[in-house]
Structures are given as C-alpha cells and as structure tokens.
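Structure first, then comments.
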Amino acid sequence: MSKCFVSVDRFIPADPQKIFDLVATPAEHARIDGSGTVQTSNVEGPDKLSLGDAFSVDMKMGKSYRMTNTVVEHEEGRLIAWKPGGDYVWRYRFKPVEGGTIVTEEWDARSSKRCPIMRLLGFPRRNLRGITQTLERIHAISASN
C-alpha cells in the first residue's frame, strides 16, 4: 500500500470470465461490496459494462449520495476499471492460473489532485479493508456457483 494506491490479490477457484461477469454487472455491486458503502441494487446503466459505459449506484459514507462511474479500461474477461465522479480509478484484474483465477482489486488515486487530503482522511487504510472484504465476498459467490 502506497500513499494513494492500494492493491490486493486473491486466488479464487473459479473461471476468470465468470468472476469478470460478476464484477462487470453493476446490479451485483451491492452484493459484492465489502466496504459497506454501496447501499442498494438501485442501479442505472447497462446490464453488463463495456468501455465508456456509465452507471450509477446509491452510496452511503456518513450521508447518502448517488455516485456515477464511467468505465475507463476494459478487456473482456481480463480487466475492468471505472472512474467515479472524481479523479481516481477502481480497477479489477483477472489472471487465469491453474485451478482458478488471481483477482486483483486496486484503488488508484496516485494522480489525483486530492491524494493528500484522501491520505489524511484515511482512505488508503479504509480502502485496504474494503478491498479485502470485497474479494472475500467475490470468492464466496464465485466459488459457490
């Protein structure tokens, strides 16, 4: 974990495309979110995300709000990333390995103008916990289906 970059890997005994499809489905975000900030499945946007797609979800961190995200990186079955209204990125990588997939989730705010304030507010540490719990949920869902 660096100042404004958090990355966690987890082996999940499931096919990369199956896990990718779960993450690329905005309606599933409340189910997989380990941070506790995605509040509902009230999603506006496509059923499955592609490059350039926008989607909105209800959130709560202290107070309730709605966040719109835009997909900025997309490689079917291998990579998906979106940018919320801010200047940082949430990214997922899916690497096939024997018996399953290494899933990497990243919060990348290294180029954000708000990096210093996000550091002071504890976002790197908070996001590390949320990412770890999200990957646990993805594992439970993907391994059970």
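Each chain in the structure tokens gets a letter, A, B, ..., in the order shown, and its residues are numbered from 1; ligands are numbered from 1 in order too.
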DSSP helix (DSSP H, G or I) selection over chain A, as a PyMOL selection string | chain A and resi 16-23+26-32+115-120+123-144
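Residues in contact with stretch 28-40 of chain A at up to 6 Å, not including ones fewer than 4 positions away on its chain and judged by only C-alpha atoms, are A:Asp58, A:Met59, A:Lys60, A:Met61, A:Gly130, A:Gln133, A:Thr134, A:Arg137, A:Ile138.
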Expected file contents, prior selection, N, CA, C and O atoms, as a short mmCIF file (atom, residue, chain, number, x, y, z; two decimals), in the first residue's frame:
```cif
data_model
loop_
_atom_site.label_atom_id
_atom_site.label_comp_id
_atom_site.auth_asym_id
_atom_site.auth_seq_id
_atom_site.Cartn_x
_atom_site.Cartn_y
_atom_site.Cartn_z
N ASP A 58 -26.50 3.89 -5.55
CA ASP A 58 -26.70 4.60 -4.29
C ASP A 58 -25.58 4.23 -3.34
O ASP A 58 -25.21 3.05 -3.24
N MET A 59 -25.06 5.22 -2.64
CA MET A 59 -23.92 5.03 -1.73
C MET A 59 -24.24 5.66 -0.38
O MET A 59 -25.14 6.50 -0.27
N LYS A 60 -23.45 5.27 0.62
CA LYS A 60 -23.55 5.93 1.92
C LYS A 60 -22.20 5.85 2.62
O LYS A 60 -21.67 4.77 2.86
N MET A 61 -21.65 7.02 2.89
CA MET A 61 -20.45 7.13 3.71
C MET A 61 -20.69 8.37 4.57
O MET A 61 -20.45 9.49 4.13
N GLY A 130 -11.80 -2.52 2.83
CA GLY A 130 -12.93 -2.74 1.93
C GLY A 130 -12.60 -3.67 0.79
O GLY A 130 -13.39 -4.55 0.43
N GLN A 133 -12.34 -7.28 2.01
CA GLN A 133 -13.67 -7.84 2.24
C GLN A 133 -14.43 -8.05 0.94
O GLN A 133 -15.19 -9.03 0.80
N THR A 134 -14.26 -7.16 -0.03
CA THR A 134 -14.90 -7.35 -1.33
C THR A 134 -14.39 -8.63 -1.99
O THR A 134 -15.18 -9.43 -2.51
N ARG A 137 -15.99 -11.61 -0.50
CA ARG A 137 -17.36 -11.80 -0.99
C ARG A 137 -17.37 -12.37 -2.40
O ARG A 137 -18.15 -13.27 -2.71
N ILE A 138 -16.51 -11.82 -3.27
CA ILE A 138 -16.43 -12.34 -4.64
C ILE A 138 -16.04 -13.81 -4.62
O ILE A 138 -16.60 -14.62 -5.35
#
```
DSSP strand (DSSP E) residues within chain A, listed as a tab-separated table (two decimals) with all heavy atoms, in the first residue's frame:
```tsv
chain	number	residue	atom	x	y	z
A	5	PHE	N	-2.43	4.42	-3.40
A	5	PHE	CA	-2.61	3.25	-4.25
A	5	PHE	C	-2.70	2.03	-3.35
A	5	PHE	O	-1.82	1.81	-2.51
A	5	PHE	CB	-1.43	3.09	-5.22
A	5	PHE	CG	-1.54	1.89	-6.12
A	5	PHE	CD1	-2.38	1.90	-7.21
A	5	PHE	CD2	-0.80	0.76	-5.86
A	5	PHE	CE1	-2.48	0.80	-8.04
A	5	PHE	CE2	-0.88	-0.35	-6.68
A	5	PHE	CZ	-1.72	-0.33	-7.78
A	6	VAL	N	-3.77	1.27	-3.51
A	6	VAL	CA	-3.97	0.04	-2.74
A	6	VAL	C	-4.25	-1.06	-3.74
A	6	VAL	O	-5.07	-0.89	-4.65
A	6	VAL	CB	-5.14	0.18	-1.75
A	6	VAL	CG1	-5.36	-1.13	-1.00
A	6	VAL	CG2	-4.93	1.34	-0.79
A	7	SER	N	-3.57	-2.19	-3.58
A	7	SER	CA	-3.75	-3.33	-4.47
A	7	SER	C	-3.73	-4.61	-3.65
A	7	SER	O	-2.82	-4.81	-2.84
A	7	SER	CB	-2.63	-3.35	-5.51
A	7	SER	OG	-2.78	-4.45	-6.40
A	8	VAL	N	-4.74	-5.45	-3.85
A	8	VAL	CA	-4.82	-6.73	-3.13
A	8	VAL	C	-5.12	-7.82	-4.15
A	8	VAL	O	-5.99	-7.67	-5.01
A	8	VAL	CB	-5.94	-6.70	-2.06
A	8	VAL	CG1	-6.04	-8.05	-1.36
A	8	VAL	CG2	-5.69	-5.58	-1.05
A	9	ASP	N	-4.38	-8.94	-4.04
A	9	ASP	CA	-4.57	-10.12	-4.88
A	9	ASP	C	-5.26	-11.21	-4.06
A	9	ASP	O	-5.00	-11.34	-2.86
A	9	ASP	CB	-3.24	-10.71	-5.34
A	9	ASP	CG	-2.43	-9.79	-6.22
A	9	ASP	OD1	-3.03	-8.97	-6.93
A	9	ASP	OD2	-1.19	-9.89	-6.18
A	10	ARG	N	-6.08	-12.00	-4.74
A	10	ARG	CA	-6.70	-13.15	-4.08
A	10	ARG	C	-6.92	-14.25	-5.11
A	10	ARG	O	-7.45	-14.00	-6.19
A	10	ARG	CB	-8.03	-12.77	-3.44
A	10	ARG	CG	-8.65	-13.97	-2.74
A	10	ARG	CD	-9.77	-13.58	-1.85
A	10	ARG	NE	-10.27	-14.77	-1.18
A	10	ARG	CZ	-10.57	-14.80	0.09
A	10	ARG	NH1	-10.42	-13.73	0.83
A	10	ARG	NH2	-11.05	-15.90	0.63
A	11	PHE	N	-6.54	-15.45	-4.74
A	11	PHE	CA	-6.84	-16.61	-5.57
A	11	PHE	C	-8.29	-17.01	-5.34
A	11	PHE	O	-8.74	-17.13	-4.20
A	11	PHE	CB	-5.93	-17.80	-5.23
A	11	PHE	CG	-6.35	-19.06	-5.92
A	11	PHE	CD1	-6.04	-19.26	-7.26
A	11	PHE	CD2	-7.08	-20.03	-5.25
A	11	PHE	CE1	-6.45	-20.41	-7.92
A	11	PHE	CE2	-7.49	-21.19	-5.89
A	11	PHE	CZ	-7.17	-21.38	-7.23
A	12	ILE	N	-9.02	-17.20	-6.44
A	12	ILE	CA	-10.40	-17.65	-6.38
A	12	ILE	C	-10.53	-18.85	-7.31
A	12	ILE	O	-10.20	-18.75	-8.50
A	12	ILE	CB	-11.38	-16.53	-6.78
A	12	ILE	CG1	-11.24	-15.35	-5.80
A	12	ILE	CG2	-12.82	-17.05	-6.82
A	12	ILE	CD1	-12.09	-14.15	-6.11
A	54	ALA	N	-21.46	4.27	-18.54
A	54	ALA	CA	-21.65	4.94	-17.25
A	54	ALA	C	-22.73	4.19	-16.48
A	54	ALA	O	-23.67	3.66	-17.06
A	54	ALA	CB	-22.06	6.39	-17.46
A	55	PHE	N	-22.55	4.14	-15.16
A	55	PHE	CA	-23.55	3.53	-14.30
A	55	PHE	C	-23.57	4.27	-12.97
A	55	PHE	O	-22.57	4.84	-12.54
A	55	PHE	CB	-23.30	2.03	-14.10
A	55	PHE	CG	-22.03	1.70	-13.36
A	55	PHE	CD1	-22.07	1.34	-12.01
A	55	PHE	CD2	-20.81	1.71	-14.00
A	55	PHE	CE1	-20.90	1.03	-11.33
A	55	PHE	CE2	-19.64	1.38	-13.33
A	55	PHE	CZ	-19.69	1.04	-11.98
A	56	SER	N	-24.74	4.29	-12.34
A	56	SER	CA	-24.91	5.00	-11.08
A	56	SER	C	-25.43	4.05	-10.02
A	56	SER	O	-26.26	3.18	-10.31
A	56	SER	CB	-25.91	6.15	-11.23
A	56	SER	OG	-25.44	7.08	-12.17
A	57	VAL	N	-24.95	4.23	-8.79
A	57	VAL	CA	-25.39	3.43	-7.65
A	57	VAL	C	-25.61	4.33	-6.45
A	57	VAL	O	-24.99	5.39	-6.34
A	57	VAL	CB	-24.38	2.31	-7.30
A	57	VAL	CG1	-24.26	1.28	-8.39
A	57	VAL	CG2	-23.02	2.89	-6.98
A	58	ASP	N	-26.50	3.89	-5.55
A	58	ASP	CA	-26.70	4.60	-4.29
A	58	ASP	C	-25.58	4.23	-3.34
A	58	ASP	O	-25.21	3.05	-3.24
A	58	ASP	CB	-28.05	4.22	-3.68
A	58	ASP	CG	-29.23	4.77	-4.47
A	58	ASP	OD1	-29.05	5.78	-5.18
A	58	ASP	OD2	-30.32	4.19	-4.36
A	59	MET	N	-25.06	5.22	-2.64
A	59	MET	CA	-23.92	5.03	-1.73
A	59	MET	C	-24.24	5.66	-0.38
A	59	MET	O	-25.14	6.50	-0.27
A	59	MET	CB	-22.67	5.71	-2.30
A	59	MET	CG	-22.30	5.33	-3.72
A	59	MET	SD	-21.52	3.74	-3.85
A	59	MET	CE	-19.96	4.04	-3.06
A	60	LYS	N	-23.45	5.27	0.62
A	60	LYS	CA	-23.55	5.93	1.92
A	60	LYS	C	-22.20	5.85	2.62
A	60	LYS	O	-21.67	4.77	2.86
A	60	LYS	CB	-24.62	5.30	2.79
A	60	LYS	CG	-24.79	6.05	4.10
A	60	LYS	CD	-25.95	5.56	4.90
A	60	LYS	CE	-26.11	6.44	6.14
A	60	LYS	NZ	-27.26	6.05	6.93
A	61	MET	N	-21.65	7.02	2.89
A	61	MET	CA	-20.45	7.13	3.71
A	61	MET	C	-20.69	8.37	4.57
A	61	MET	O	-20.45	9.49	4.13
A	61	MET	CB	-19.18	7.27	2.87
A	61	MET	CG	-17.95	7.20	3.73
A	61	MET	SD	-16.32	7.07	2.91
A	61	MET	CE	-16.57	7.52	1.25
A	63	LYS	N	-23.22	10.15	4.95
A	63	LYS	CA	-24.53	10.53	4.43
A	63	LYS	C	-24.78	9.79	3.11
A	63	LYS	O	-23.85	9.29	2.48
A	63	LYS	CB	-24.64	12.04	4.23
A	63	LYS	CG	-23.73	12.59	3.17
A	63	LYS	CD	-23.99	14.08	2.98
A	63	LYS	CE	-23.28	14.53	1.70
A	63	LYS	NZ	-23.80	15.78	1.21
A	64	SER	N	-26.02	9.73	2.72
A	64	SER	CA	-26.38	9.05	1.47
A	64	SER	C	-26.12	9.96	0.28
A	64	SER	O	-26.28	11.17	0.37
A	64	SER	CB	-27.87	8.68	1.49
A	64	SER	OG	-28.10	7.73	2.50
A	65	TYR	N	-25.70	9.36	-0.82
A	65	TYR	CA	-25.47	10.08	-2.06
A	65	TYR	C	-25.54	9.10	-3.21
A	65	TYR	O	-25.61	7.90	-3.02
A	65	TYR	CB	-24.12	10.82	-2.03
A	65	TYR	CG	-22.91	9.91	-1.85
A	65	TYR	CD1	-22.12	9.53	-2.94
A	65	TYR	CD2	-22.54	9.44	-0.59
A	65	TYR	CE1	-21.02	8.71	-2.78
A	65	TYR	CE2	-21.43	8.63	-0.42
A	65	TYR	CZ	-20.68	8.27	-1.51
A	65	TYR	OH	-19.59	7.45	-1.34
A	66	ARG	N	-25.53	9.61	-4.39
A	66	ARG	CA	-25.56	8.78	-5.61
A	66	ARG	C	-24.26	9.02	-6.36
A	66	ARG	O	-23.83	10.16	-6.53
A	66	ARG	CB	-26.76	9.16	-6.47
A	66	ARG	CG	-26.97	8.21	-7.62
A	66	ARG	CD	-28.47	8.02	-7.84
A	66	ARG	NE	-28.73	7.14	-8.93
A	66	ARG	CZ	-28.87	5.82	-8.81
A	66	ARG	NH1	-28.80	5.26	-7.62
A	66	ARG	NH2	-29.11	5.07	-9.85
A	67	MET	N	-23.60	7.94	-6.78
A	67	MET	CA	-22.33	8.07	-7.49
A	67	MET	C	-22.46	7.53	-8.90
A	67	MET	O	-23.00	6.44	-9.11
A	67	MET	CB	-21.23	7.32	-6.76
A	67	MET	CG	-19.90	7.40	-7.48
A	67	MET	SD	-18.54	6.79	-6.49
A	67	MET	CE	-18.38	8.14	-5.35
A	68	THR	N	-21.98	8.31	-9.86
A	68	THR	CA	-21.94	7.87	-11.25
A	68	THR	C	-20.50	7.55	-11.60
A	68	THR	O	-19.58	8.33	-11.30
A	68	THR	CB	-22.51	8.96	-12.19
A	68	THR	OG1	-23.87	9.19	-11.83
A	68	THR	CG2	-22.43	8.51	-13.64
A	69	ASN	N	-20.30	6.39	-12.21
A	69	ASN	CA	-18.99	5.88	-12.59
A	69	ASN	C	-18.94	5.69	-14.09
A	69	ASN	O	-19.95	5.35	-14.70
A	69	ASN	CB	-18.74	4.53	-11.92
A	69	ASN	CG	-18.93	4.57	-10.43
A	69	ASN	OD1	-18.06	4.97	-9.69
A	69	ASN	ND2	-20.11	4.17	-9.97
A	70	THR	N	-17.75	5.83	-14.68
A	70	THR	CA	-17.56	5.61	-16.11
A	70	THR	C	-16.44	4.59	-16.30
A	70	THR	O	-15.36	4.72	-15.72
A	70	THR	CB	-17.19	6.92	-16.83
A	70	THR	OG1	-18.23	7.87	-16.58
A	70	THR	CG2	-17.04	6.70	-18.32
A	71	VAL	N	-16.71	3.58	-17.12
A	71	VAL	CA	-15.71	2.54	-17.40
A	71	VAL	C	-14.62	3.15	-18.28
A	71	VAL	O	-14.90	3.65	-19.37
A	71	VAL	CB	-16.34	1.32	-18.09
A	71	VAL	CG1	-15.28	0.28	-18.43
A	71	VAL	CG2	-17.43	0.71	-17.20
A	72	VAL	N	-13.37	3.11	-17.79
A	72	VAL	CA	-12.25	3.74	-18.48
A	72	VAL	C	-11.22	2.72	-19.00
A	72	VAL	O	-10.34	3.08	-19.79
A	72	VAL	CB	-11.55	4.79	-17.59
A	72	VAL	CG1	-12.49	5.96	-17.32
A	72	VAL	CG2	-11.04	4.18	-16.29
A	73	GLU	N	-11.32	1.47	-18.54
A	73	GLU	CA	-10.45	0.39	-19.02
A	73	GLU	C	-11.31	-0.86	-19.13
A	73	GLU	O	-12.13	-1.12	-18.25
A	73	GLU	CB	-9.29	0.13	-18.06
A	73	GLU	CG	-8.37	1.31	-17.84
A	73	GLU	CD	-7.35	1.08	-16.74
A	73	GLU	OE1	-7.03	-0.09	-16.43
A	73	GLU	OE2	-6.87	2.08	-16.18
A	74	HIS	N	-11.13	-1.61	-20.21
A	74	HIS	CA	-11.95	-2.80	-20.39
A	74	HIS	C	-11.24	-3.76	-21.34
A	74	HIS	O	-10.90	-3.39	-22.46
A	74	HIS	CB	-13.31	-2.43	-20.96
A	74	HIS	CG	-14.24	-3.58	-21.09
A	74	HIS	ND1	-14.21	-4.46	-22.15
A	74	HIS	CD2	-15.24	-4.01	-20.28
A	74	HIS	CE1	-15.15	-5.37	-21.99
A	74	HIS	NE2	-15.78	-5.12	-20.86
A	75	GLU	N	-11.00	-4.96	-20.87
A	75	GLU	CA	-10.52	-6.06	-21.70
A	75	GLU	C	-11.33	-7.27	-21.26
A	75	GLU	O	-11.15	-7.76	-20.13
A	75	GLU	CB	-9.02	-6.30	-21.50
A	75	GLU	CG	-8.47	-7.39	-22.38
A	75	GLU	CD	-7.00	-7.67	-22.12
A	75	GLU	OE1	-6.29	-6.79	-21.61
A	75	GLU	OE2	-6.58	-8.80	-22.46
A	79	LEU	N	-9.79	-7.47	-17.54
A	79	LEU	CA	-9.57	-6.18	-16.89
A	79	LEU	C	-10.81	-5.31	-17.01
A	79	LEU	O	-11.42	-5.25	-18.09
A	79	LEU	CB	-8.39	-5.46	-17.57
A	79	LEU	CG	-8.17	-3.98	-17.24
A	79	LEU	CD1	-7.61	-3.83	-15.83
A	79	LEU	CD2	-7.21	-3.37	-18.25
A	80	ILE	N	-11.16	-4.65	-15.91
A	80	ILE	CA	-12.20	-3.63	-15.96
A	80	ILE	C	-11.88	-2.59	-14.90
A	80	ILE	O	-11.42	-2.92	-13.81
A	80	ILE	CB	-13.62	-4.21	-15.77
A	80	ILE	CG1	-14.67	-3.13	-16.08
A	80	ILE	CG2	-13.80	-4.83	-14.39
A	80	ILE	CD1	-16.07	-3.68	-16.32
A	81	ALA	N	-12.06	-1.32	-15.27
A	81	ALA	CA	-11.80	-0.22	-14.33
A	81	ALA	C	-12.79	0.89	-14.59
A	81	ALA	O	-13.17	1.13	-15.74
A	81	ALA	CB	-10.38	0.29	-14.50
A	82	TRP	N	-13.20	1.56	-13.52
A	82	TRP	CA	-14.08	2.71	-13.68
A	82	TRP	C	-13.61	3.85	-12.81
A	82	TRP	O	-12.91	3.68	-11.83
A	82	TRP	CB	-15.53	2.35	-13.39
A	82	TRP	CG	-15.78	1.69	-12.07
A	82	TRP	CD1	-15.91	2.28	-10.85
A	82	TRP	CD2	-15.94	0.28	-11.86
A	82	TRP	NE1	-16.14	1.34	-9.89
A	82	TRP	CE2	-16.17	0.10	-10.49
A	82	TRP	CE3	-15.92	-0.83	-12.70
A	82	TRP	CZ2	-16.37	-1.16	-9.93
A	82	TRP	CZ3	-16.12	-2.07	-12.14
A	82	TRP	CH2	-16.34	-2.22	-10.77
A	83	LYS	N	-14.01	5.02	-13.26
A	83	LYS	CA	-13.71	6.26	-12.57
A	83	LYS	C	-15.00	6.80	-12.01
A	83	LYS	O	-15.95	7.05	-12.75
A	83	LYS	CB	-13.12	7.26	-13.57
A	83	LYS	CG	-11.97	8.04	-13.07
A	83	LYS	CD	-11.44	8.96	-14.16
A	83	LYS	CE	-9.95	8.80	-14.19
A	83	LYS	NZ	-9.30	9.85	-14.93
A	89	VAL	N	-9.34	5.82	-9.75
A	89	VAL	CA	-9.84	4.66	-10.50
A	89	VAL	C	-9.98	3.45	-9.58
A	89	VAL	O	-9.10	3.20	-8.74
A	89	VAL	CB	-8.87	4.32	-11.66
A	89	VAL	CG1	-9.28	3.05	-12.38
A	89	VAL	CG2	-8.75	5.48	-12.63
A	90	TRP	N	-11.06	2.71	-9.76
A	90	TRP	CA	-11.22	1.37	-9.19
A	90	TRP	C	-10.96	0.38	-10.31
A	90	TRP	O	-11.58	0.47	-11.37
A	90	TRP	CB	-12.64	1.17	-8.64
A	90	TRP	CG	-12.88	1.90	-7.37
A	90	TRP	CD1	-13.56	3.07	-7.22
A	90	TRP	CD2	-12.45	1.52	-6.06
A	90	TRP	NE1	-13.57	3.43	-5.91
A	90	TRP	CE2	-12.90	2.50	-5.17
A	90	TRP	CE3	-11.72	0.43	-5.56
A	90	TRP	CZ2	-12.65	2.43	-3.81
A	90	TRP	CZ3	-11.47	0.38	-4.20
A	90	TRP	CH2	-11.93	1.36	-3.34
A	91	ARG	N	-10.05	-0.56	-10.10
A	91	ARG	CA	-9.63	-1.47	-11.17
A	91	ARG	C	-9.65	-2.92	-10.66
A	91	ARG	O	-9.24	-3.20	-9.54
A	91	ARG	CB	-8.22	-1.10	-11.60
A	91	ARG	CG	-7.64	-1.91	-12.72
A	91	ARG	CD	-6.22	-1.41	-13.07
A	91	ARG	NE	-6.24	-0.04	-13.59
A	91	ARG	CZ	-5.72	1.02	-12.96
A	91	ARG	NH1	-5.14	0.89	-11.78
A	91	ARG	NH2	-5.78	2.22	-13.50
A	92	TYR	N	-10.09	-3.82	-11.54
A	92	TYR	CA	-10.06	-5.25	-11.28
A	92	TYR	C	-9.30	-5.93	-12.41
A	92	TYR	O	-9.58	-5.68	-13.57
A	92	TYR	CB	-11.47	-5.84	-11.22
A	92	TYR	CG	-12.28	-5.40	-10.03
A	92	TYR	CD1	-12.95	-4.18	-10.04
A	92	TYR	CD2	-12.38	-6.21	-8.91
A	92	TYR	CE1	-13.72	-3.78	-8.95
A	92	TYR	CE2	-13.14	-5.81	-7.82
A	92	TYR	CZ	-13.80	-4.60	-7.84
A	92	TYR	OH	-14.55	-4.20	-6.77
A	93	ARG	N	-8.37	-6.81	-12.03
A	93	ARG	CA	-7.62	-7.62	-12.99
A	93	ARG	C	-7.92	-9.10	-12.71
A	93	ARG	O	-8.04	-9.48	-11.55
A	93	ARG	CB	-6.12	-7.38	-12.85
A	93	ARG	CG	-5.71	-5.94	-13.10
A	93	ARG	CD	-4.20	-5.77	-12.85
A	93	ARG	NE	-3.82	-4.38	-12.84
A	93	ARG	CZ	-3.53	-3.66	-13.92
A	93	ARG	NH1	-3.59	-4.23	-15.11
A	93	ARG	NH2	-3.20	-2.40	-13.81
A	94	PHE	N	-8.02	-9.88	-13.77
A	94	PHE	CA	-8.36	-11.30	-13.67
A	94	PHE	C	-7.31	-12.11	-14.42
A	94	PHE	O	-7.26	-12.06	-15.64
A	94	PHE	CB	-9.75	-11.55	-14.24
A	94	PHE	CG	-10.80	-10.63	-13.67
A	94	PHE	CD1	-11.03	-9.39	-14.25
A	94	PHE	CD2	-11.50	-10.99	-12.54
A	94	PHE	CE1	-11.97	-8.53	-13.71
A	94	PHE	CE2	-12.45	-10.13	-12.00
A	94	PHE	CZ	-12.68	-8.89	-12.58
A	95	LYS	N	-6.47	-12.84	-13.68
A	95	LYS	CA	-5.38	-13.61	-14.29
A	95	LYS	C	-5.67	-15.10	-14.12
A	95	LYS	O	-5.70	-15.61	-12.99
A	95	LYS	CB	-4.06	-13.26	-13.63
A	95	LYS	CG	-2.89	-14.02	-14.20
A	95	LYS	CD	-1.61	-13.66	-13.49
A	95	LYS	CE	-0.47	-14.50	-14.04
A	95	LYS	NZ	0.73	-14.33	-13.24
A	96	PRO	N	-5.86	-15.80	-15.25
A	96	PRO	CA	-6.10	-17.24	-15.14
A	96	PRO	C	-4.85	-17.96	-14.65
A	96	PRO	O	-3.73	-17.67	-15.10
A	96	PRO	CB	-6.46	-17.67	-16.56
A	96	PRO	CG	-5.95	-16.59	-17.45
A	96	PRO	CD	-5.85	-15.34	-16.63
A	97	VAL	N	-5.04	-18.86	-13.70
A	97	VAL	CA	-3.97	-19.71	-13.19
A	97	VAL	C	-4.56	-21.11	-13.02
A	97	VAL	O	-5.78	-21.29	-13.07
A	97	VAL	CB	-3.40	-19.19	-11.84
A	97	VAL	CG1	-2.70	-17.84	-12.03
A	97	VAL	CG2	-4.47	-19.10	-10.77
A	100	GLY	N	-8.00	-21.87	-11.16
A	100	GLY	CA	-8.83	-20.71	-10.90
A	100	GLY	C	-8.26	-19.42	-11.45
A	100	GLY	O	-7.70	-19.38	-12.54
A	101	THR	N	-8.38	-18.37	-10.65
A	101	THR	CA	-8.06	-17.02	-11.09
A	101	THR	C	-7.41	-16.23	-9.96
A	101	THR	O	-7.86	-16.33	-8.81
A	101	THR	CB	-9.35	-16.28	-11.51
A	101	THR	OG1	-10.03	-17.07	-12.49
A	101	THR	CG2	-9.06	-14.90	-12.08
A	102	ILE	N	-6.39	-15.46	-10.28
A	102	ILE	CA	-5.89	-14.45	-9.34
A	102	ILE	C	-6.66	-13.17	-9.67
A	102	ILE	O	-6.58	-12.65	-10.79
A	102	ILE	CB	-4.38	-14.19	-9.48
A	102	ILE	CG1	-3.57	-15.47	-9.23
A	102	ILE	CG2	-3.94	-13.05	-8.56
A	102	ILE	CD1	-3.63	-16.00	-7.82
A	103	VAL	N	-7.45	-12.70	-8.72
A	103	VAL	CA	-8.20	-11.46	-8.88
A	103	VAL	C	-7.46	-10.38	-8.11
A	103	VAL	O	-7.13	-10.56	-6.94
A	103	VAL	CB	-9.64	-11.59	-8.35
A	103	VAL	CG1	-10.40	-10.28	-8.52
A	103	VAL	CG2	-10.37	-12.73	-9.06
A	104	THR	N	-7.20	-9.28	-8.78
A	104	THR	CA	-6.54	-8.13	-8.16
A	104	THR	C	-7.52	-6.96	-8.20
A	104	THR	O	-8.04	-6.63	-9.25
A	104	THR	CB	-5.26	-7.74	-8.92
A	104	THR	OG1	-4.39	-8.87	-8.97
A	104	THR	CG2	-4.56	-6.56	-8.25
A	105	GLU	N	-7.76	-6.39	-7.04
A	105	GLU	CA	-8.56	-5.17	-6.98
A	105	GLU	C	-7.64	-4.03	-6.57
A	105	GLU	O	-6.82	-4.19	-5.66
A	105	GLU	CB	-9.72	-5.28	-5.99
A	105	GLU	CG	-10.58	-4.03	-6.00
A	105	GLU	CD	-11.78	-4.08	-5.07
A	105	GLU	OE1	-12.04	-5.14	-4.46
A	105	GLU	OE2	-12.46	-3.04	-4.95
A	106	GLU	N	-7.79	-2.89	-7.26
A	106	GLU	CA	-6.93	-1.73	-6.99
A	106	GLU	C	-7.77	-0.46	-6.82
A	106	GLU	O	-8.75	-0.26	-7.53
A	106	GLU	CB	-5.98	-1.49	-8.17
A	106	GLU	CG	-5.06	-2.64	-8.45
A	106	GLU	CD	-4.25	-2.48	-9.73
A	106	GLU	OE1	-4.54	-1.54	-10.52
A	106	GLU	OE2	-3.35	-3.29	-9.94
A	107	TRP	N	-7.34	0.36	-5.89
A	107	TRP	CA	-7.81	1.74	-5.76
A	107	TRP	C	-6.61	2.59	-6.11
A	107	TRP	O	-5.58	2.53	-5.45
A	107	TRP	CB	-8.29	2.02	-4.35
A	107	TRP	CG	-8.62	3.45	-4.10
A	107	TRP	CD1	-9.71	4.14	-4.56
A	107	TRP	CD2	-7.88	4.39	-3.31
A	107	TRP	NE1	-9.68	5.44	-4.11
A	107	TRP	CE2	-8.56	5.62	-3.34
A	107	TRP	CE3	-6.70	4.31	-2.58
A	107	TRP	CZ2	-8.10	6.75	-2.67
A	107	TRP	CZ3	-6.24	5.43	-1.91
A	107	TRP	CH2	-6.94	6.63	-1.96
A	108	ASP	N	-6.70	3.34	-7.20
A	108	ASP	CA	-5.57	4.09	-7.72
A	108	ASP	C	-5.88	5.58	-7.77
A	108	ASP	O	-6.58	6.06	-8.66
A	108	ASP	CB	-5.21	3.57	-9.11
A	108	ASP	CG	-3.91	4.13	-9.64
A	108	ASP	OD1	-3.33	5.05	-9.01
A	108	ASP	OD2	-3.46	3.65	-10.70
```
